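Structure file work38.cif (mmCIF, N, CA and C atoms) is printed below.
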```cif
data_structure
loop_
_atom_site.label_atom_id
_atom_site.label_comp_id
_atom_site.auth_asym_id
_atom_site.auth_seq_id
_atom_site.Cartn_x
_atom_site.Cartn_y
_atom_site.Cartn_z
N MET N 149 193.10 103.21 61.90
CA MET N 149 191.88 104.00 61.76
C MET N 149 192.16 105.33 61.07
N LYS N 150 193.30 105.98 61.42
CA LYS N 150 193.63 107.27 60.82
C LYS N 150 193.93 107.11 59.34
N LYS N 151 194.58 106.01 58.96
CA LYS N 151 194.89 105.78 57.56
C LYS N 151 193.60 105.63 56.75
N LYS N 152 192.60 104.93 57.31
CA LYS N 152 191.33 104.73 56.64
C LYS N 152 190.59 106.07 56.48
N GLN N 153 190.65 106.94 57.52
CA GLN N 153 189.99 108.25 57.44
C GLN N 153 190.64 109.11 56.36
N SER N 154 191.98 109.12 56.29
CA SER N 154 192.64 109.93 55.27
C SER N 154 192.35 109.40 53.88
N SER N 155 192.15 108.09 53.74
CA SER N 155 191.77 107.51 52.44
C SER N 155 190.39 108.01 52.03
N TYR N 156 189.46 108.04 53.01
CA TYR N 156 188.12 108.55 52.71
C TYR N 156 188.15 110.04 52.36
N ILE N 157 188.99 110.79 53.04
CA ILE N 157 189.10 112.23 52.74
C ILE N 157 189.65 112.42 51.33
N CYS N 158 190.70 111.69 50.98
CA CYS N 158 191.27 111.78 49.62
C CYS N 158 190.24 111.37 48.58
N LEU N 159 189.51 110.30 48.84
CA LEU N 159 188.48 109.85 47.92
C LEU N 159 187.39 110.91 47.78
N GLY N 160 187.00 111.53 48.89
CA GLY N 160 185.99 112.60 48.84
C GLY N 160 186.46 113.78 48.02
N ILE N 161 187.72 114.15 48.18
CA ILE N 161 188.27 115.27 47.41
C ILE N 161 188.30 114.93 45.93
N LEU N 162 188.72 113.71 45.58
CA LEU N 162 188.76 113.29 44.18
C LEU N 162 187.36 113.27 43.56
N VAL N 163 186.38 112.77 44.31
CA VAL N 163 185.00 112.74 43.81
C VAL N 163 184.50 114.17 43.60
N GLY N 164 184.82 115.07 44.54
CA GLY N 164 184.40 116.47 44.41
C GLY N 164 185.02 117.13 43.19
N ILE N 165 186.30 116.90 42.96
CA ILE N 165 186.97 117.45 41.77
C ILE N 165 186.35 116.89 40.50
N LEU N 166 186.09 115.60 40.50
CA LEU N 166 185.48 114.96 39.33
C LEU N 166 184.09 115.54 39.06
N LEU N 167 183.29 115.76 40.10
CA LEU N 167 181.96 116.36 39.92
C LEU N 167 182.05 117.77 39.37
N LEU N 168 182.97 118.58 39.89
CA LEU N 168 183.14 119.94 39.38
C LEU N 168 183.57 119.91 37.91
N TRP N 169 184.48 119.02 37.57
CA TRP N 169 184.93 118.90 36.19
C TRP N 169 183.77 118.50 35.28
N MET N 170 182.95 117.54 35.70
CA MET N 170 181.81 117.10 34.90
C MET N 170 180.79 118.21 34.75
N MET N 171 180.58 119.02 35.80
CA MET N 171 179.65 120.15 35.70
C MET N 171 180.17 121.16 34.69
N GLY N 172 181.47 121.34 34.64
CA GLY N 172 182.06 122.25 33.66
C GLY N 172 181.84 121.78 32.24
N LEU N 173 181.81 120.48 32.03
CA LEU N 173 181.53 119.94 30.70
C LEU N 173 180.05 120.03 30.36
N THR N 174 179.20 119.88 31.36
CA THR N 174 177.76 119.89 31.15
C THR N 174 177.22 121.29 30.91
N PHE N 175 177.66 122.25 31.72
CA PHE N 175 177.18 123.61 31.62
C PHE N 175 178.20 124.44 30.85
N PRO N 176 177.80 125.03 29.73
CA PRO N 176 178.76 125.78 28.92
C PRO N 176 179.28 127.02 29.65
N SER N 177 180.51 127.34 29.42
CA SER N 177 181.11 128.54 30.00
C SER N 177 180.63 129.76 29.24
N TYR N 178 180.38 130.82 29.96
CA TYR N 178 179.95 132.05 29.32
C TYR N 178 181.12 133.01 29.14
N ALA N 179 182.33 132.57 29.35
CA ALA N 179 183.51 133.41 29.16
C ALA N 179 184.53 132.67 28.32
N GLN N 180 184.13 132.28 27.13
CA GLN N 180 184.98 131.45 26.30
C GLN N 180 185.78 132.24 25.26
N THR N 181 185.24 133.29 24.75
CA THR N 181 185.84 133.95 23.60
C THR N 181 186.42 135.31 23.94
N LYS N 182 187.35 135.73 23.15
CA LYS N 182 187.95 137.05 23.30
C LYS N 182 187.26 137.99 22.31
N GLY N 183 187.08 139.22 22.72
CA GLY N 183 186.52 140.23 21.84
C GLY N 183 187.52 141.35 21.68
N THR N 184 187.26 142.21 20.71
CA THR N 184 188.12 143.35 20.48
C THR N 184 187.39 144.61 20.90
N VAL N 185 187.92 145.25 21.90
CA VAL N 185 187.38 146.52 22.37
C VAL N 185 188.48 147.56 22.19
N TYR N 186 188.13 148.71 21.66
CA TYR N 186 189.12 149.74 21.45
C TYR N 186 188.53 151.11 21.78
N LEU N 187 189.40 152.10 21.93
CA LEU N 187 189.00 153.46 22.27
C LEU N 187 189.25 154.39 21.09
N THR N 188 188.32 155.33 20.88
CA THR N 188 188.53 156.39 19.91
C THR N 188 188.37 157.72 20.62
N SER N 189 188.96 158.75 20.03
CA SER N 189 188.92 160.09 20.62
C SER N 189 188.50 161.09 19.56
N ASP N 190 187.73 162.11 19.96
CA ASP N 190 187.35 163.14 19.00
C ASP N 190 188.42 164.21 18.86
N ARG N 191 189.43 164.20 19.73
CA ARG N 191 190.55 165.15 19.67
C ARG N 191 191.81 164.45 20.14
N HIS N 192 192.94 164.94 19.65
CA HIS N 192 194.21 164.34 20.06
C HIS N 192 195.10 165.31 20.84
N LEU N 193 194.88 166.59 20.66
CA LEU N 193 195.62 167.61 21.39
C LEU N 193 194.65 168.53 22.11
N LEU N 194 194.93 168.81 23.38
CA LEU N 194 194.05 169.65 24.19
C LEU N 194 194.85 170.74 24.88
N GLU N 195 194.22 171.87 25.07
CA GLU N 195 194.74 172.92 25.95
C GLU N 195 194.11 172.68 27.32
N LYS N 196 194.73 173.20 28.34
CA LYS N 196 194.18 173.09 29.69
C LYS N 196 192.77 173.67 29.72
N GLY N 197 191.82 172.90 30.27
CA GLY N 197 190.42 173.34 30.36
C GLY N 197 189.55 172.88 29.21
N GLU N 198 190.13 172.37 28.14
CA GLU N 198 189.34 171.90 26.99
C GLU N 198 188.83 170.48 27.26
N GLU N 199 187.78 170.12 26.52
CA GLU N 199 187.15 168.81 26.71
C GLU N 199 187.46 167.87 25.55
N VAL N 200 187.45 166.58 25.86
CA VAL N 200 187.66 165.53 24.88
C VAL N 200 186.64 164.43 25.14
N ALA N 201 186.14 163.82 24.05
CA ALA N 201 185.22 162.69 24.16
C ALA N 201 185.97 161.41 23.81
N ILE N 202 185.94 160.44 24.71
CA ILE N 202 186.56 159.13 24.51
C ILE N 202 185.43 158.12 24.38
N THR N 203 185.46 157.35 23.28
CA THR N 203 184.39 156.38 23.02
C THR N 203 184.95 154.97 23.08
N VAL N 204 184.26 154.10 23.81
CA VAL N 204 184.60 152.68 23.86
C VAL N 204 183.82 152.00 22.74
N GLN N 205 184.55 151.27 21.89
CA GLN N 205 183.96 150.62 20.72
C GLN N 205 184.14 149.11 20.81
N LEU N 206 183.17 148.36 20.32
CA LEU N 206 183.22 146.91 20.22
C LEU N 206 183.34 146.55 18.75
N LYS N 207 184.41 145.84 18.38
CA LYS N 207 184.67 145.54 16.97
C LYS N 207 184.20 144.14 16.59
N ASP N 208 183.52 144.05 15.44
CA ASP N 208 183.11 142.78 14.83
C ASP N 208 182.31 141.88 15.75
N SER N 209 181.49 142.46 16.59
CA SER N 209 180.66 141.68 17.50
C SER N 209 179.47 142.52 17.93
N GLN N 210 178.54 141.90 18.61
CA GLN N 210 177.42 142.62 19.20
C GLN N 210 177.24 142.13 20.62
N THR N 211 176.52 142.91 21.41
CA THR N 211 176.39 142.57 22.82
C THR N 211 174.95 142.73 23.31
N ALA N 212 174.55 141.82 24.18
CA ALA N 212 173.24 141.88 24.82
C ALA N 212 173.36 142.44 26.24
N ALA N 213 174.60 142.47 26.77
CA ALA N 213 174.86 143.03 28.09
C ALA N 213 176.37 143.21 28.23
N TYR N 214 176.77 144.18 29.04
CA TYR N 214 178.19 144.35 29.31
C TYR N 214 178.42 145.06 30.63
N SER N 215 179.62 144.87 31.12
CA SER N 215 180.12 145.58 32.29
C SER N 215 181.55 145.97 31.96
N THR N 216 181.82 147.27 31.89
CA THR N 216 183.16 147.73 31.54
C THR N 216 183.71 148.64 32.62
N GLU N 217 185.03 148.69 32.68
CA GLU N 217 185.74 149.61 33.55
C GLU N 217 186.71 150.39 32.68
N LEU N 218 186.61 151.71 32.71
CA LEU N 218 187.51 152.58 31.97
C LEU N 218 188.37 153.31 32.99
N PHE N 219 189.67 153.07 32.93
CA PHE N 219 190.62 153.73 33.83
C PHE N 219 191.24 154.90 33.08
N PHE N 220 191.36 156.05 33.75
CA PHE N 220 191.93 157.24 33.12
C PHE N 220 192.94 157.90 34.05
N ASP N 221 193.78 158.74 33.48
CA ASP N 221 194.82 159.44 34.24
C ASP N 221 194.18 160.66 34.91
N ASP N 222 193.84 160.53 36.20
CA ASP N 222 193.15 161.61 36.89
C ASP N 222 194.07 162.76 37.30
N THR N 223 195.37 162.64 37.03
CA THR N 223 196.27 163.79 37.25
C THR N 223 196.22 164.73 36.05
N LYS N 224 195.81 164.21 34.89
CA LYS N 224 195.73 165.02 33.67
C LYS N 224 194.31 165.34 33.24
N LEU N 225 193.35 164.50 33.63
CA LEU N 225 191.97 164.65 33.17
C LEU N 225 190.98 164.62 34.32
N GLU N 226 189.89 165.33 34.12
CA GLU N 226 188.77 165.33 35.06
C GLU N 226 187.55 164.76 34.33
N TYR N 227 186.87 163.81 34.95
CA TYR N 227 185.68 163.21 34.35
C TYR N 227 184.55 164.23 34.37
N VAL N 228 183.87 164.39 33.23
CA VAL N 228 182.77 165.36 33.12
C VAL N 228 181.43 164.64 33.02
N SER N 229 181.30 163.70 32.07
CA SER N 229 180.02 163.02 31.89
C SER N 229 180.21 161.71 31.13
N GLY N 230 179.15 160.90 31.17
CA GLY N 230 179.17 159.62 30.47
C GLY N 230 177.76 159.07 30.36
N PRO N 231 177.65 157.84 29.90
CA PRO N 231 176.33 157.23 29.71
C PRO N 231 175.61 156.99 31.03
N GLU N 232 174.34 156.68 30.89
CA GLU N 232 173.53 156.26 32.04
C GLU N 232 174.14 155.00 32.65
N ASN N 233 173.83 154.69 33.88
CA ASN N 233 174.35 153.51 34.59
C ASN N 233 175.86 153.52 34.71
N THR N 234 176.42 154.71 34.97
CA THR N 234 177.86 154.88 35.12
C THR N 234 178.16 155.29 36.54
N ASN N 235 179.21 154.70 37.11
CA ASN N 235 179.64 155.05 38.45
C ASN N 235 181.14 155.35 38.40
N VAL N 236 181.55 156.45 39.01
CA VAL N 236 182.95 156.87 38.99
C VAL N 236 183.53 156.71 40.39
N ILE N 237 184.63 155.97 40.48
CA ILE N 237 185.34 155.78 41.74
C ILE N 237 186.80 156.12 41.47
N GLY N 238 187.25 157.27 41.94
CA GLY N 238 188.62 157.70 41.69
C GLY N 238 188.88 157.87 40.21
N ASN N 239 189.81 157.10 39.67
CA ASN N 239 190.14 157.18 38.24
C ASN N 239 189.53 156.02 37.45
N ARG N 240 188.48 155.41 37.97
CA ARG N 240 187.83 154.26 37.33
C ARG N 240 186.36 154.56 37.10
N ILE N 241 185.92 154.37 35.87
CA ILE N 241 184.52 154.55 35.51
C ILE N 241 183.93 153.16 35.24
N ILE N 242 182.91 152.81 36.00
CA ILE N 242 182.24 151.52 35.84
C ILE N 242 180.93 151.77 35.10
N HIS N 243 180.72 151.02 34.03
CA HIS N 243 179.51 151.19 33.23
C HIS N 243 178.88 149.82 32.99
N VAL N 244 177.60 149.70 33.33
CA VAL N 244 176.86 148.44 33.18
C VAL N 244 175.65 148.70 32.30
N TRP N 245 175.41 147.79 31.38
CA TRP N 245 174.24 147.89 30.49
C TRP N 245 173.76 146.49 30.16
N TYR N 246 172.45 146.33 29.96
CA TYR N 246 171.90 145.09 29.45
C TYR N 246 170.68 145.39 28.60
N ASP N 247 170.41 144.51 27.67
CA ASP N 247 169.23 144.61 26.81
C ASP N 247 168.03 144.12 27.60
N PRO N 248 167.06 144.99 27.90
CA PRO N 248 165.90 144.55 28.68
C PRO N 248 165.05 143.49 27.98
N ASP N 249 165.28 143.29 26.67
CA ASP N 249 164.54 142.26 25.93
C ASP N 249 165.30 140.93 25.89
N GLY N 250 166.27 140.76 26.77
CA GLY N 250 166.99 139.49 26.87
C GLY N 250 167.87 139.18 25.68
N GLY N 251 168.41 140.20 25.05
CA GLY N 251 169.32 139.97 23.93
C GLY N 251 168.65 140.02 22.57
N GLN N 252 167.37 140.36 22.52
CA GLN N 252 166.68 140.45 21.24
C GLN N 252 167.08 141.69 20.45
N ARG N 253 167.58 142.72 21.15
CA ARG N 253 168.02 143.96 20.49
C ARG N 253 169.47 144.28 20.92
N PRO N 254 170.42 143.44 20.52
CA PRO N 254 171.81 143.69 20.93
C PRO N 254 172.36 144.94 20.23
N ILE N 255 173.39 145.52 20.82
CA ILE N 255 174.03 146.67 20.20
C ILE N 255 175.40 146.25 19.68
N LYS N 256 175.90 147.00 18.72
CA LYS N 256 177.25 146.76 18.21
C LYS N 256 177.90 148.11 17.95
N GLY N 257 179.20 148.09 17.86
CA GLY N 257 179.92 149.34 17.64
C GLY N 257 180.17 150.08 18.93
N GLU N 258 179.56 151.26 19.05
CA GLU N 258 179.78 152.13 20.21
C GLU N 258 179.12 151.58 21.47
N ILE N 259 179.94 151.42 22.53
CA ILE N 259 179.43 150.98 23.83
C ILE N 259 179.11 152.17 24.72
N GLY N 260 179.99 153.17 24.72
CA GLY N 260 179.75 154.35 25.55
C GLY N 260 180.75 155.45 25.25
N THR N 261 180.30 156.70 25.40
CA THR N 261 181.17 157.85 25.20
C THR N 261 181.28 158.62 26.51
N TYR N 262 182.51 158.97 26.86
CA TYR N 262 182.82 159.65 28.12
C TYR N 262 183.52 160.97 27.81
N THR N 263 183.12 162.02 28.51
CA THR N 263 183.71 163.33 28.30
C THR N 263 184.63 163.67 29.47
N PHE N 264 185.82 164.18 29.13
CA PHE N 264 186.82 164.57 30.11
C PHE N 264 187.27 166.00 29.85
N ARG N 265 187.71 166.67 30.91
CA ARG N 265 188.27 168.02 30.80
C ARG N 265 189.75 167.94 31.18
N SER N 266 190.57 168.61 30.39
CA SER N 266 192.01 168.61 30.63
C SER N 266 192.33 169.44 31.88
N LYS N 267 193.14 168.84 32.79
CA LYS N 267 193.56 169.52 34.02
C LYS N 267 195.00 170.02 33.94
N ASP N 268 195.82 169.33 33.17
CA ASP N 268 197.24 169.63 33.13
C ASP N 268 197.83 169.17 31.80
N GLU N 269 199.02 169.63 31.49
CA GLU N 269 199.71 169.23 30.27
C GLU N 269 200.30 167.84 30.42
N GLY N 270 200.50 167.16 29.29
CA GLY N 270 201.14 165.86 29.28
C GLY N 270 200.28 164.80 28.62
N LEU N 271 200.82 163.60 28.56
CA LEU N 271 200.09 162.47 27.99
C LEU N 271 199.15 161.88 29.02
N ALA N 272 197.98 161.47 28.57
CA ALA N 272 197.00 160.83 29.46
C ALA N 272 196.72 159.43 28.92
N ASN N 273 196.85 158.45 29.78
CA ASN N 273 196.62 157.05 29.39
C ASN N 273 195.23 156.59 29.81
N PHE N 274 194.67 155.69 28.99
CA PHE N 274 193.39 155.06 29.27
C PHE N 274 193.55 153.56 29.18
N THR N 275 192.78 152.84 29.99
CA THR N 275 192.72 151.38 29.92
C THR N 275 191.26 150.97 30.07
N VAL N 276 190.83 150.02 29.25
CA VAL N 276 189.46 149.52 29.36
C VAL N 276 189.51 148.01 29.54
N GLN N 277 188.63 147.51 30.40
CA GLN N 277 188.50 146.06 30.62
C GLN N 277 187.06 145.77 31.01
N GLY N 278 186.68 144.51 30.94
CA GLY N 278 185.34 144.13 31.35
C GLY N 278 184.87 142.87 30.68
N GLU N 279 183.57 142.67 30.72
CA GLU N 279 182.95 141.51 30.09
C GLU N 279 181.81 141.98 29.22
N VAL N 280 181.73 141.39 28.03
CA VAL N 280 180.69 141.72 27.07
C VAL N 280 179.97 140.43 26.75
N TYR N 281 178.64 140.43 26.89
CA TYR N 281 177.86 139.20 26.74
C TYR N 281 177.01 139.22 25.49
N SER N 282 177.07 138.14 24.73
CA SER N 282 176.13 137.94 23.64
C SER N 282 174.95 137.17 24.23
N GLN N 283 174.04 136.74 23.41
CA GLN N 283 172.92 135.94 23.94
C GLN N 283 173.42 134.63 24.50
N ALA N 284 174.45 134.05 23.91
CA ALA N 284 174.86 132.71 24.29
C ALA N 284 176.10 132.67 25.17
N ARG N 285 176.97 133.68 25.10
CA ARG N 285 178.23 133.60 25.84
C ARG N 285 178.79 134.99 26.07
N SER N 286 179.78 135.09 26.93
CA SER N 286 180.44 136.37 27.14
C SER N 286 181.73 136.44 26.37
N ILE N 287 182.18 137.65 26.12
CA ILE N 287 183.43 137.89 25.43
C ILE N 287 184.32 138.65 26.38
N ASN N 288 185.39 138.06 26.83
CA ASN N 288 186.32 138.68 27.76
C ASN N 288 187.11 139.76 27.03
N THR N 289 187.19 140.97 27.59
CA THR N 289 187.84 142.07 26.90
C THR N 289 189.16 142.48 27.50
N ASP N 290 189.77 141.64 28.31
CA ASP N 290 191.07 141.99 28.88
C ASP N 290 192.16 142.04 27.85
#
```

Could you spell out this file's structure in structure tokens?
Amino acid sequence: MKKKQSSYICLGILVGILLLWMMGLTFPSYAQTKGTVYLTSDRHLLEKGEEVAITVQLKDSQTAAYSTELFFDDTKLEYVSGPENTNVIGNRIIHVWYDPDGGQRPIKGEIGTYTFRSKDEGLANFTVQGEVYSQARSINTD
């Protein structure tokens, strides 16, 4: 009896895996392509207390919605301001945007500009990651 039950369990697991695989083929993935996201700066050298603008750019693509995270060196920089729909948690800035017309007016190029104030001397590192969505699919920006 136990052998028969384990056979049914194995069969159930195989059928479940097969169904999930078939659903993956039926419903297109929205995270298929890679995009190019890069950062630009309006200044390269700062004195203590001076401000710098860091802009997140999307290259050769457009977006109908996105969610990005910009990590910055909070020992060297203090966050001053950024776009609407921005939330700051420690050294991470979360920014979410979507086209209210469902992708009819996508944006390209500049995603958001963030202003920082220098707190200390030294190099400051930035990292950006997130997901950028076109009308049909998302573009992973890792």

**Request:** For the structure provided, state which residues fall under the PyMOL selection byres (((chain N and resi 222 and name CA) around 12) and name CA), and present them as a ChimeraX atom specification.
**Result:** /N:218-221,223-228,236-241,264-268,270-274

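Distance-wise, atom C of N:Val200 and atom C of N:Thr261 end up 8.0 Å apart.
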
**Asked** At what distance in Å, to one decimal, does atom CA of N:Gly197 lie from atom N of N:Glu217?
**Response**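 Distance reported for this atom pair: 25.3 Å.
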
**Item:** Test item: residues at most 6.5 Å from N:Val204, only N, CA and C atoms, excluding those fewer than 2 positions along its chain, as a PyMOL selection string
**Value:** chain N and resi 185-188+202+206+257-262

**Which residue of N:Asn233, N:Asp249, N:Val244, N:Thr263 approaches N:Ala201 most closely, using all atoms listed in the file** =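 Looking at the shortest contact to N:Ala201, the residue is N:Thr263.
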
**Prompt:** atom C of N:Glu232 and atom N of N:Thr203 are how many Å apart?
**Reply:** 14.9 Å

**Residues of stretch 218-267 of chain N in strand (DSSP E or B), written as number ranges by chain** = N: 218-220, 225-229, 234-237, 240-246, 255-266

**Request:** Taking the chain letters and numbering used in this document, name the residues of stretch 168-284 of chain N that DSSP puts in helix (DSSP H, G or I), as a ChimeraX atom specification.
**Result:** /N:168-174

Go ahead and dump the residues you just picked, N, CA and C atoms, as a PDB file, in the frame of the given file.
```pdb
ATOM      1  N   LEU N 168     182.970 118.580  39.890  1.00  0.00           N
ATOM      2  CA  LEU N 168     183.140 119.940  39.380  1.00  0.00           C
ATOM      3  C   LEU N 168     183.570 119.910  37.910  1.00  0.00           C
ATOM      4  N   TRP N 169     184.480 119.020  37.570  1.00  0.00           N
ATOM      5  CA  TRP N 169     184.930 118.900  36.190  1.00  0.00           C
ATOM      6  C   TRP N 169     183.770 118.500  35.280  1.00  0.00           C
ATOM      7  N   MET N 170     182.950 117.540  35.700  1.00  0.00           N
ATOM      8  CA  MET N 170     181.810 117.100  34.900  1.00  0.00           C
ATOM      9  C   MET N 170     180.790 118.210  34.750  1.00  0.00           C
ATOM     10  N   MET N 171     180.580 119.020  35.800  1.00  0.00           N
ATOM     11  CA  MET N 171     179.650 120.150  35.700  1.00  0.00           C
ATOM     12  C   MET N 171     180.170 121.160  34.690  1.00  0.00           C
ATOM     13  N   GLY N 172     181.470 121.340  34.640  1.00  0.00           N
ATOM     14  CA  GLY N 172     182.060 122.250  33.660  1.00  0.00           C
ATOM     15  C   GLY N 172     181.840 121.780  32.240  1.00  0.00           C
ATOM     16  N   LEU N 173     181.810 120.480  32.030  1.00  0.00           N
ATOM     17  CA  LEU N 173     181.530 119.940  30.700  1.00  0.00           C
ATOM     18  C   LEU N 173     180.050 120.030  30.360  1.00  0.00           C
ATOM     19  N   THR N 174     179.200 119.880  31.360  1.00  0.00           N
ATOM     20  CA  THR N 174     177.760 119.890  31.150  1.00  0.00           C
ATOM     21  C   THR N 174     177.220 121.290  30.910  1.00  0.00           C
TER      22      THR N 174
END
```

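Of the listed residues (N:Trp245, N:Leu193, N:Pro254, N:Ser229), N:Pro254 comes nearest to N:Ser209; the distances count all atoms listed in the file.
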
**Prompt:** Using only C-alpha atoms, which residue out of N:Ser189, N:Gln210, N:Thr184, N:Gln205 lies closest to N:Asp247?
**Reply:** N:Gln210

**Prompt:** Closest to N:Gly278 among N:Glu198, N:Ser215, N:Ile255, N:Asn235, using only C-alpha atoms?
**Reply:**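 Smallest separation from N:Gly278 among the options: N:Ser215.
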